[in-house]
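J.: Structure supplied as upload.cif; contents: mmCIF, C-alpha atoms.
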```
data_query
#
loop_
_atom_site.group_PDB
_atom_site.id
_atom_site.type_symbol
_atom_site.label_atom_id
_atom_site.label_comp_id
_atom_site.auth_asym_id
_atom_site.auth_seq_id
_atom_site.Cartn_x
_atom_site.Cartn_y
_atom_site.Cartn_z
ATOM 1 C CA MET F 712 -58.600 17.686 -5.927
ATOM 2 C CA ALA F 713 -57.422 14.137 -6.514
ATOM 3 C CA GLY F 714 -55.704 12.231 -9.326
ATOM 4 C CA GLU F 715 -55.934 12.816 -13.030
ATOM 5 C CA THR F 716 -58.601 12.438 -15.667
ATOM 6 C CA ARG F 717 -58.579 12.688 -19.460
ATOM 7 C CA ASP F 718 -60.212 15.412 -21.510
ATOM 8 C CA PRO F 719 -62.093 14.514 -24.749
ATOM 9 C CA ARG F 720 -58.800 14.714 -26.675
ATOM 10 C CA GLY F 721 -57.231 12.153 -24.328
ATOM 11 C CA ILE F 722 -54.945 14.654 -22.647
ATOM 12 C CA GLY F 723 -54.408 14.136 -18.929
ATOM 13 C CA VAL F 724 -55.766 16.946 -16.735
ATOM 14 C CA PRO F 725 -55.874 17.207 -12.927
ATOM 15 C CA ARG F 726 -59.244 16.062 -11.601
ATOM 16 C CA ASP F 727 -60.970 18.567 -9.382
ATOM 17 C CA ASP F 728 -63.646 16.784 -7.376
ATOM 18 C CA ARG F 729 -65.199 20.083 -6.345
ATOM 19 C CA LEU F 730 -65.761 20.898 -10.001
ATOM 20 C CA THR F 731 -67.211 17.441 -10.606
ATOM 21 C CA THR F 732 -69.669 18.021 -7.757
ATOM 22 C CA LEU F 733 -70.640 21.403 -9.178
ATOM 23 C CA LEU F 734 -71.142 20.009 -12.697
ATOM 24 C CA ASP F 735 -73.232 17.127 -11.322
ATOM 25 C CA ALA F 736 -75.443 19.654 -9.525
ATOM 26 C CA LEU F 737 -75.820 21.692 -12.726
ATOM 27 C CA ARG F 738 -76.752 18.578 -14.709
ATOM 28 C CA GLN F 739 -79.305 17.574 -12.101
ATOM 29 C CA GLY F 740 -80.786 21.072 -12.232
ATOM 30 C CA LYS F 741 -81.060 20.850 -16.008
ATOM 31 C CA ARG F 742 -82.744 17.448 -15.748
ATOM 32 C CA ARG F 743 -85.249 18.825 -13.245
ATOM 33 C CA HIS F 744 -85.989 21.797 -15.509
ATOM 34 C CA ARG F 745 -86.521 19.531 -18.527
ATOM 35 C CA LYS F 746 -88.862 17.362 -16.482
ATOM 36 C CA HIS F 747 -90.774 20.477 -15.458
ATOM 37 C CA LEU F 748 -91.031 21.631 -19.110
ATOM 38 C CA ALA F 749 -92.108 18.169 -20.255
ATOM 39 C CA ALA F 750 -94.945 18.199 -17.734
ATOM 40 C CA LEU F 751 -96.420 21.540 -18.887
ATOM 41 C CA PRO F 752 -99.773 21.547 -20.708
ATOM 42 C CA ILE F 753 -99.400 21.345 -24.480
ATOM 43 C CA GLU F 754 -100.808 24.877 -24.920
ATOM 44 C CA GLU F 755 -97.983 26.272 -22.792
ATOM 45 C CA LYS F 756 -95.415 24.128 -24.612
ATOM 46 C CA LEU F 757 -96.576 25.471 -27.973
ATOM 47 C CA ARG F 758 -96.127 29.019 -26.697
ATOM 48 C CA ILE F 759 -92.558 28.058 -25.756
ATOM 49 C CA VAL F 760 -92.044 26.587 -29.248
ATOM 50 C CA VAL F 761 -92.969 30.010 -30.678
ATOM 51 C CA GLU F 762 -90.486 31.657 -28.302
ATOM 52 C CA LEU F 763 -87.816 29.222 -29.530
ATOM 53 C CA GLN F 764 -88.688 30.118 -33.128
ATOM 54 C CA ARG F 765 -88.353 33.841 -32.321
ATOM 55 C CA LEU F 766 -85.000 33.238 -30.671
ATOM 56 C CA ALA F 767 -83.791 31.175 -33.646
ATOM 57 C CA ALA F 768 -84.945 33.945 -36.022
ATOM 58 C CA GLU F 769 -83.015 36.560 -34.029
ATOM 59 C CA ILE F 770 -79.868 34.455 -34.084
ATOM 60 C CA ALA F 771 -80.263 33.797 -37.821
ATOM 61 C CA ARG F 772 -80.739 37.525 -38.442
ATOM 62 C CA GLY F 773 -77.665 38.344 -36.397
ATOM 63 C CA THR F 774 -75.506 35.822 -38.198
ATOM 64 C CA GLY F 775 -76.784 36.524 -41.705
ATOM 65 C CA ARG F 776 -78.387 33.116 -42.131
ATOM 66 C CA PRO F 777 -81.847 32.754 -43.673
ATOM 67 C CA GLU F 778 -84.476 33.101 -40.995
ATOM 68 C CA ARG F 779 -87.754 31.250 -40.729
ATOM 69 C CA GLU F 780 -90.882 33.012 -39.697
ATOM 70 C CA PRO F 781 -92.220 32.153 -36.233
ATOM 71 C CA TRP F 782 -95.772 30.881 -35.992
ATOM 72 C CA ARG F 783 -98.447 33.485 -35.413
ATOM 73 C CA LEU F 784 -100.830 31.579 -33.210
ATOM 74 C CA ASP F 785 -104.221 33.140 -33.745
ATOM 75 C CA ASP F 786 -106.268 31.095 -31.348
ATOM 76 C CA GLU F 787 -105.861 29.727 -27.846
ATOM 77 C CA THR F 788 -103.399 27.267 -29.378
ATOM 78 C CA MET S 1464 -103.524 24.432 -32.881
ATOM 79 C CA ARG S 1465 -107.187 23.871 -32.100
ATOM 80 C CA LYS S 1466 -108.088 25.375 -35.470
ATOM 81 C CA ALA S 1467 -105.693 23.011 -37.238
ATOM 82 C CA VAL S 1468 -107.219 20.065 -35.392
ATOM 83 C CA ALA S 1469 -110.733 21.264 -36.254
ATOM 84 C CA VAL S 1470 -109.730 21.309 -39.943
ATOM 85 C CA LEU S 1471 -108.383 17.750 -39.700
ATOM 86 C CA ASP S 1472 -111.537 16.575 -37.948
ATOM 87 C CA GLU S 1473 -113.645 18.215 -40.653
ATOM 88 C CA LEU S 1474 -111.623 16.496 -43.397
ATOM 89 C CA ALA S 1475 -112.241 13.179 -41.644
ATOM 90 C CA ARG S 1476 -115.955 13.984 -41.246
ATOM 91 C CA ARG S 1477 -116.182 14.670 -45.000
ATOM 92 C CA GLY S 1478 -114.415 11.379 -45.763
ATOM 93 C CA ILE S 1479 -111.506 13.147 -47.486
ATOM 94 C CA ILE S 1480 -109.163 11.433 -45.072
ATOM 95 C CA LEU S 1481 -109.936 8.233 -43.202
ATOM 96 C CA ARG S 1482 -107.731 8.828 -40.183
ATOM 97 C CA TYR S 1483 -104.892 11.085 -39.150
ATOM 98 C CA ALA S 1484 -102.251 11.419 -36.464
ATOM 99 C CA VAL S 1485 -99.933 14.272 -35.584
ATOM 100 C CA GLY S 1486 -96.274 13.286 -35.880
ATOM 101 C CA GLY S 1487 -92.868 14.984 -35.964
ATOM 102 C CA GLY S 1488 -91.745 17.745 -33.639
ATOM 103 C CA VAL S 1489 -95.249 18.738 -32.551
ATOM 104 C CA ALA S 1490 -95.979 15.148 -31.523
ATOM 105 C CA ALA S 1491 -92.650 15.037 -29.672
ATOM 106 C CA THR S 1492 -93.649 18.213 -27.834
ATOM 107 C CA PHE S 1493 -96.621 16.354 -26.358
ATOM 108 C CA TYR S 1494 -94.223 13.901 -24.690
ATOM 109 C CA VAL S 1495 -91.085 15.878 -23.856
ATOM 110 C CA GLU S 1496 -89.850 19.442 -23.386
ATOM 111 C CA PRO S 1497 -90.813 21.819 -26.242
ATOM 112 C CA VAL S 1498 -88.675 21.263 -29.336
ATOM 113 C CA LEU S 1499 -87.886 23.763 -32.067
ATOM 114 C CA THR S 1500 -90.042 22.881 -35.042
ATOM 115 C CA TYR S 1501 -91.654 24.857 -37.851
ATOM 116 C CA ASP S 1502 -94.320 22.551 -39.273
ATOM 117 C CA MET S 1503 -97.023 20.411 -37.817
ATOM 118 C CA ASP S 1504 -96.559 17.109 -39.636
ATOM 119 C CA VAL S 1505 -99.772 15.160 -39.898
ATOM 120 C CA PHE S 1506 -99.835 11.624 -41.255
ATOM 121 C CA VAL S 1507 -103.090 10.935 -43.061
ATOM 122 C CA ILE S 1508 -104.680 7.795 -44.418
ATOM 123 C CA LEU S 1509 -106.518 8.559 -47.639
ATOM 124 C CA PRO S 1510 -109.511 6.636 -48.927
ATOM 125 C CA PRO S 1511 -108.720 4.054 -51.620
ATOM 126 C CA SER S 1512 -108.560 5.700 -55.037
ATOM 127 C CA GLU S 1513 -108.534 4.483 -58.603
ATOM 128 C CA GLY S 1514 -105.526 4.962 -60.807
ATOM 129 C CA ALA S 1515 -101.867 4.240 -60.418
ATOM 130 C CA LEU S 1516 -100.943 7.382 -58.525
ATOM 131 C CA VAL S 1517 -102.088 8.711 -55.168
ATOM 132 C CA SER S 1518 -103.613 12.134 -55.686
ATOM 133 C CA LEU S 1519 -103.791 14.853 -53.076
ATOM 134 C CA GLU S 1520 -106.141 16.861 -55.274
ATOM 135 C CA PRO S 1521 -109.357 16.011 -53.350
ATOM 136 C CA LEU S 1522 -107.585 16.920 -50.130
ATOM 137 C CA TYR S 1523 -106.425 20.292 -51.388
ATOM 138 C CA SER S 1524 -109.803 21.017 -53.049
ATOM 139 C CA SER S 1525 -111.547 20.409 -49.751
ATOM 140 C CA LEU S 1526 -109.059 22.549 -47.888
ATOM 141 C CA ALA S 1527 -109.588 25.336 -50.419
ATOM 142 C CA SER S 1528 -113.370 25.077 -49.993
ATOM 143 C CA MET S 1529 -112.777 25.565 -46.259
ATOM 144 C CA GLY S 1530 -110.681 28.657 -46.974
ATOM 145 C CA PHE S 1531 -107.256 27.081 -46.531
ATOM 146 C CA LEU S 1532 -105.055 27.533 -49.562
ATOM 147 C CA PRO S 1533 -101.789 25.645 -49.859
ATOM 148 C CA GLU S 1534 -98.596 27.652 -49.383
ATOM 149 C CA ARG S 1535 -95.692 25.672 -50.791
ATOM 150 C CA GLU S 1536 -95.986 22.244 -49.180
ATOM 151 C CA HIS S 1537 -98.391 23.124 -46.370
ATOM 152 C CA VAL S 1538 -101.571 24.914 -45.375
ATOM 153 C CA VAL S 1539 -101.645 27.421 -42.549
ATOM 154 C CA ALA S 1540 -104.374 26.804 -39.975
ATOM 155 C CA GLY S 1541 -104.594 28.675 -36.697
ATOM 156 C CA GLY S 1542 -101.218 30.269 -37.445
ATOM 157 C CA ILE S 1543 -99.449 26.907 -37.755
ATOM 158 C CA PRO S 1544 -98.142 25.531 -41.066
ATOM 159 C CA VAL S 1545 -99.630 22.064 -41.347
ATOM 160 C CA GLN S 1546 -98.067 19.522 -43.658
ATOM 161 C CA LEU S 1547 -100.315 16.628 -44.594
ATOM 162 C CA ILE S 1548 -98.284 13.527 -45.372
ATOM 163 C CA PRO S 1549 -100.012 10.428 -46.734
ATOM 164 C CA ALA S 1550 -98.955 7.419 -44.662
ATOM 165 C CA TYR S 1551 -96.044 6.268 -46.804
ATOM 166 C CA ASN S 1552 -95.096 2.865 -45.426
ATOM 167 C CA ASP S 1553 -96.279 0.084 -43.131
ATOM 168 C CA LEU S 1554 -94.702 1.614 -40.036
ATOM 169 C CA VAL S 1555 -96.457 4.954 -40.534
ATOM 170 C CA LEU S 1556 -99.760 3.229 -41.383
ATOM 171 C CA GLU S 1557 -99.520 1.216 -38.179
ATOM 172 C CA ALA S 1558 -98.594 4.365 -36.248
ATOM 173 C CA VAL S 1559 -101.739 6.148 -37.459
ATOM 174 C CA ASP S 1560 -103.886 3.115 -36.679
ATOM 175 C CA ASN S 1561 -102.473 3.000 -33.135
ATOM 176 C CA ALA S 1562 -102.503 6.749 -32.470
ATOM 177 C CA VAL S 1563 -103.572 7.985 -29.052
ATOM 178 C CA GLN S 1564 -106.076 10.702 -28.250
ATOM 179 C CA LEU S 1565 -104.379 13.387 -26.176
ATOM 180 C CA PRO S 1566 -106.039 16.370 -24.532
ATOM 181 C CA LEU S 1567 -105.887 19.737 -26.258
ATOM 182 C CA GLY S 1568 -107.796 22.233 -24.154
ATOM 183 C CA ASP S 1569 -111.282 20.856 -23.786
ATOM 184 C CA SER S 1570 -110.996 18.665 -26.875
ATOM 185 C CA GLN S 1571 -108.675 15.916 -28.050
ATOM 186 C CA VAL S 1572 -106.192 15.351 -30.832
ATOM 187 C CA SER S 1573 -104.925 12.185 -32.429
ATOM 188 C CA VAL S 1574 -101.155 11.908 -31.888
ATOM 189 C CA VAL S 1575 -98.696 9.210 -32.874
ATOM 190 C CA ARG S 1576 -97.980 7.042 -29.839
ATOM 191 C CA VAL S 1577 -94.534 7.745 -28.396
ATOM 192 C CA GLU S 1578 -93.079 4.320 -29.215
ATOM 193 C CA TYR S 1579 -94.085 4.690 -32.889
ATOM 194 C CA LEU S 1580 -92.778 8.252 -32.901
ATOM 195 C CA VAL S 1581 -89.336 7.042 -31.819
ATOM 196 C CA ALA S 1582 -89.401 4.243 -34.419
ATOM 197 C CA ILE S 1583 -90.400 6.646 -37.225
ATOM 198 C CA MET S 1584 -87.681 9.120 -36.220
ATOM 199 C CA PHE S 1585 -85.176 6.297 -36.186
ATOM 200 C CA GLN S 1586 -86.346 4.961 -39.552
ATOM 201 C CA THR S 1587 -86.249 8.457 -41.122
ATOM 202 C CA GLY S 1588 -82.710 8.664 -39.837
ATOM 203 C CA ARG S 1589 -81.690 12.284 -40.493
ATOM 204 C CA PRO S 1590 -79.370 13.669 -37.803
ATOM 205 C CA LYS S 1591 -82.181 15.813 -36.364
ATOM 206 C CA ASP S 1592 -84.506 12.798 -36.202
ATOM 207 C CA ILE S 1593 -81.884 10.719 -34.394
ATOM 208 C CA ALA S 1594 -81.249 13.597 -31.968
ATOM 209 C CA ARG S 1595 -84.982 13.898 -31.298
ATOM 210 C CA ALA S 1596 -85.310 10.139 -30.857
ATOM 211 C CA ALA S 1597 -82.539 10.283 -28.237
ATOM 212 C CA MET S 1598 -84.289 13.168 -26.485
ATOM 213 C CA VAL S 1599 -87.628 11.338 -26.420
ATOM 214 C CA LEU S 1600 -85.981 8.163 -25.156
ATOM 215 C CA GLY S 1601 -84.332 10.163 -22.378
ATOM 216 C CA GLN S 1602 -87.433 12.020 -21.228
ATOM 217 C CA ALA S 1603 -90.619 10.173 -22.088
ATOM 218 C CA GLU S 1604 -92.132 7.100 -20.522
ATOM 219 C CA ILE S 1605 -91.591 4.378 -23.087
ATOM 220 C CA ASP S 1606 -93.143 0.922 -23.232
ATOM 221 C CA ARG S 1607 -89.901 -0.892 -24.021
ATOM 222 C CA ASP S 1608 -91.642 -4.139 -24.967
ATOM 223 C CA LEU S 1609 -93.837 -2.341 -27.486
ATOM 224 C CA LEU S 1610 -90.897 -0.377 -28.910
ATOM 225 C CA GLY S 1611 -88.907 -3.617 -29.269
ATOM 226 C CA ARG S 1612 -91.819 -5.275 -31.065
ATOM 227 C CA ILE S 1613 -92.236 -2.320 -33.455
ATOM 228 C CA LEU S 1614 -88.513 -2.239 -34.259
ATOM 229 C CA ARG S 1615 -88.480 -5.989 -34.863
ATOM 230 C CA ASP S 1616 -91.618 -6.032 -37.021
ATOM 231 C CA HIS S 1617 -90.326 -3.243 -39.237
ATOM 232 C CA GLY S 1618 -86.802 -4.535 -39.675
ATOM 233 C CA LEU S 1619 -85.160 -1.845 -37.539
ATOM 234 C CA LYS S 1620 -83.900 -3.909 -34.610
ATOM 235 C CA GLU S 1621 -80.426 -4.638 -35.921
ATOM 236 C CA LYS S 1622 -79.763 -1.027 -36.944
ATOM 237 C CA TRP S 1623 -81.069 0.090 -33.546
ATOM 238 C CA GLN S 1624 -78.609 -2.144 -31.729
ATOM 239 C CA GLU S 1625 -75.768 -0.789 -33.847
ATOM 240 C CA ARG S 1626 -76.649 2.774 -32.891
ATOM 241 C CA GLN S 1627 -77.481 2.313 -29.215
ATOM 242 C CA GLU S 1628 -74.637 4.536 -28.078
ATOM 243 C CA ILE S 1629 -75.784 7.482 -30.200
ATOM 244 C CA LEU S 1630 -79.304 7.030 -28.876
ATOM 245 C CA GLY S 1631 -78.042 7.097 -25.288
ATOM 246 C CA GLU S 1632 -79.429 3.620 -24.702
#
```
For the file at hand, write its structure as structure tokens.
T.:
Amino acid sequence: MAGETRDPRGIGVPRDDRLTTLLDALRQGKRRHRKHLAALPIEEKLRIVVELQRLAAEIARGTGRPEREPWRLDDET
Amino acid sequence: MRKAVAVLDELARRGIILRYAVGGGVAATFYVEPVLTYDMDVFVILPPSEGALVSLEPLYSSLASMGFLPEREHVVAGGIPVQLIPAYNDLVLEAVDNAVQLPLGDSQVSVVRVEYLVAIMFQTGRPKDIARAAMVLGQAEIDRDLLGRILRDHGLKEKWQERQEILGE
């Protein structure tokens, strides 16, 4: 732990370098995962899009917002 | 999606559309991680027609003859709602003319080139378009010279420079 940093509101908070290292590692992991997803074949990506639509529909249902119907892919995408 | 592409190819074969290119979220998904989208936006160039107004009637008649009836603003093909959007300005026309053929299984599909996709998202300018443009810029391989030329030619360069921070540039 060393020094002080500012949170988004401009309030001074103690800087914890261990936390910074952990967050950097998490960000790098996310970047790697996105790169992996971006490199998938389009057919696989479209299947993931449908999964995202299903997830969004579930959340909408749970929060009482209008839900949109997920695609029903009827071929090999 | 192959069925949707087969329908588009058939429309082109019949001369109902001259050219097409997939745009929007589906096009973005070709270049970056999958993005949540609900329609497959397809920009189409229609043959020249007489009269003051552009009519989509021949397009929808042909689709109906192929068994695809419009539902609200789209037709469903292969389980995907497809929205056919006549190329509505010079940028979109140029994007269709410069579309790339990308593999889809053992066939190919015409997709808006990534640099044009970013420019169209930026020009459209809704928050979700700007967010997608930032995502594409962060993940896809972009020909910066080409993107700069497109932005300049279509009067978007100045606005782009103003919004660089939002775009993560």
J.: With all atoms listed in the file as the basis for distance, which of S:Val1517, S:Val1599, S:Ala1558, S:Val1495 is at the shortest distance from chain F?
T.: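 For chain F, the nearest of the candidates is S:Val1495.
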J.: For the file shown, what are the residues hit by the PyMOL selection byres ((chain S and resi 1485-1490) around 6), laid out as number ranges by chain?
T.: S: 1484, 1491-1493, 1500, 1503-1505, 1574-1575
J.: With 7 Å as the cut-off and only C-alpha atoms counted, what is the closest atom pair between each nearby residue of chain S and chain F? Distances in Å to one decimal, ordered by chain and number, as a Markdown table.
T.:
```
| residue | atom | partner | partner_atom | distance |
| --- | --- | --- | --- | --- |
| S:Met1464 | CA | F:Thr788 | CA | 4.5 |
| S:Arg1465 | CA | F:Thr788 | CA | 5.8 |
| S:Thr1492 | CA | F:Lys756 | CA | 7.0 |
| S:Phe1493 | CA | F:Ile753 | CA | 6.0 |
| S:Tyr1494 | CA | F:Ala749 | CA | 6.5 |
| S:Val1495 | CA | F:Ala749 | CA | 4.4 |
| S:Glu1496 | CA | F:Ala749 | CA | 4.1 |
| S:Pro1497 | CA | F:Lys756 | CA | 5.4 |
| S:Val1498 | CA | F:Val760 | CA | 6.3 |
| S:Leu1499 | CA | F:Val760 | CA | 5.8 |
| S:Gly1541 | CA | F:Asp785 | CA | 5.4 |
| S:Gly1542 | CA | F:Leu784 | CA | 4.4 |
| S:Ile1543 | CA | F:Trp782 | CA | 5.7 |
| S:Leu1567 | CA | F:Ile753 | CA | 6.9 |
```
J.: So which residues get picked by the PyMOL selection byres ((chain S and resi 1509-1512) around 12) here, written as a ChimeraX atom specification?
T.: /S:1474-1475,1477-1483,1506-1508,1513-1522,1547-1551,1556,1559
J.: Quote the spacing between CA of Ala1597 in chain S and CA of Met1584 in chain S in Å to one decimal place.
T.: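 Value for the CA of Ala1597 in chain S-CA of Met1584 in chain S distance: 9.6 Å.
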J.: Calculate how many Å separate CA of Leu1630 in chain S from CA of Leu1614 in chain S, rounding to one decimal.
T.: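 Interatomic distance, CA of Leu1630 in chain S to CA of Leu1614 in chain S: 14.1 Å.
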J.: Kindly indicate which residue among S:Ser1528, S:Gln1546, S:Thr1587, S:Gln1571 lies nearest to Leu1619 in chain S, using all atoms listed in the file for the distances.
T.: S:Thr1587
J.: Would you work out the distance separating CA of Ala1596 in chain S from CA of Ile1583 in chain S, expressed in Å to one decimal?
T.: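 CA of Ile1583 in chain S lies 8.9 Å from CA of Ala1596 in chain S.
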J.: Would you fill the gaps in range 1589-1609 of chain S so it has N, CA and C atoms, then print it as a short mmCIF file (atom, residue, chain, number, x, y, z; two decimals), in the coordinates of the input?
T.:
```cif
data_model
loop_
_atom_site.label_atom_id
_atom_site.label_comp_id
_atom_site.auth_asym_id
_atom_site.auth_seq_id
_atom_site.Cartn_x
_atom_site.Cartn_y
_atom_site.Cartn_z
N ARG S 1589 -82.51 11.08 -40.33
CA ARG S 1589 -81.69 12.28 -40.49
C ARG S 1589 -81.09 12.61 -39.12
N PRO S 1590 -79.98 13.36 -39.11
CA PRO S 1590 -79.37 13.67 -37.80
C PRO S 1590 -80.37 14.28 -36.83
N LYS S 1591 -81.24 15.18 -37.30
CA LYS S 1591 -82.18 15.81 -36.36
C LYS S 1591 -83.22 14.80 -35.84
N ASP S 1592 -83.55 13.82 -36.66
CA ASP S 1592 -84.51 12.80 -36.20
C ASP S 1592 -83.86 11.92 -35.13
N ILE S 1593 -82.59 11.57 -35.36
CA ILE S 1593 -81.88 10.72 -34.39
C ILE S 1593 -81.72 11.48 -33.07
N ALA S 1594 -81.40 12.78 -33.18
CA ALA S 1594 -81.25 13.60 -31.97
C ALA S 1594 -82.57 13.67 -31.21
N ARG S 1595 -83.67 13.84 -31.96
CA ARG S 1595 -84.98 13.90 -31.30
C ARG S 1595 -85.34 12.55 -30.69
N ALA S 1596 -85.01 11.47 -31.40
CA ALA S 1596 -85.31 10.14 -30.86
C ALA S 1596 -84.57 9.96 -29.53
N ALA S 1597 -83.32 10.41 -29.48
CA ALA S 1597 -82.54 10.28 -28.24
C ALA S 1597 -83.18 11.11 -27.13
N MET S 1598 -83.65 12.30 -27.49
CA MET S 1598 -84.29 13.17 -26.48
C MET S 1598 -85.57 12.51 -25.94
N VAL S 1599 -86.38 11.97 -26.85
CA VAL S 1599 -87.63 11.34 -26.42
C VAL S 1599 -87.33 10.12 -25.54
N LEU S 1600 -86.35 9.35 -25.95
CA LEU S 1600 -85.98 8.16 -25.16
C LEU S 1600 -85.52 8.56 -23.75
N GLY S 1601 -84.85 9.72 -23.67
CA GLY S 1601 -84.33 10.16 -22.38
C GLY S 1601 -85.37 10.79 -21.47
N GLN S 1602 -86.48 11.25 -22.04
CA GLN S 1602 -87.43 12.02 -21.23
C GLN S 1602 -88.83 11.39 -21.09
N ALA S 1603 -89.23 10.66 -22.11
CA ALA S 1603 -90.62 10.17 -22.09
C ALA S 1603 -90.71 8.79 -21.45
N GLU S 1604 -91.90 8.46 -21.01
CA GLU S 1604 -92.13 7.10 -20.52
C GLU S 1604 -92.38 6.21 -21.73
N ILE S 1605 -91.53 5.23 -21.89
CA ILE S 1605 -91.59 4.38 -23.09
C ILE S 1605 -91.94 2.95 -22.68
N ASP S 1606 -92.87 2.35 -23.41
CA ASP S 1606 -93.14 0.92 -23.23
C ASP S 1606 -92.08 0.18 -24.05
N ARG S 1607 -91.06 -0.29 -23.35
CA ARG S 1607 -89.90 -0.89 -24.02
C ARG S 1607 -90.28 -2.15 -24.80
N ASP S 1608 -91.23 -2.92 -24.26
CA ASP S 1608 -91.64 -4.14 -24.97
C ASP S 1608 -92.28 -3.77 -26.30
N LEU S 1609 -93.17 -2.77 -26.26
CA LEU S 1609 -93.84 -2.34 -27.49
C LEU S 1609 -92.82 -1.79 -28.48
#
```
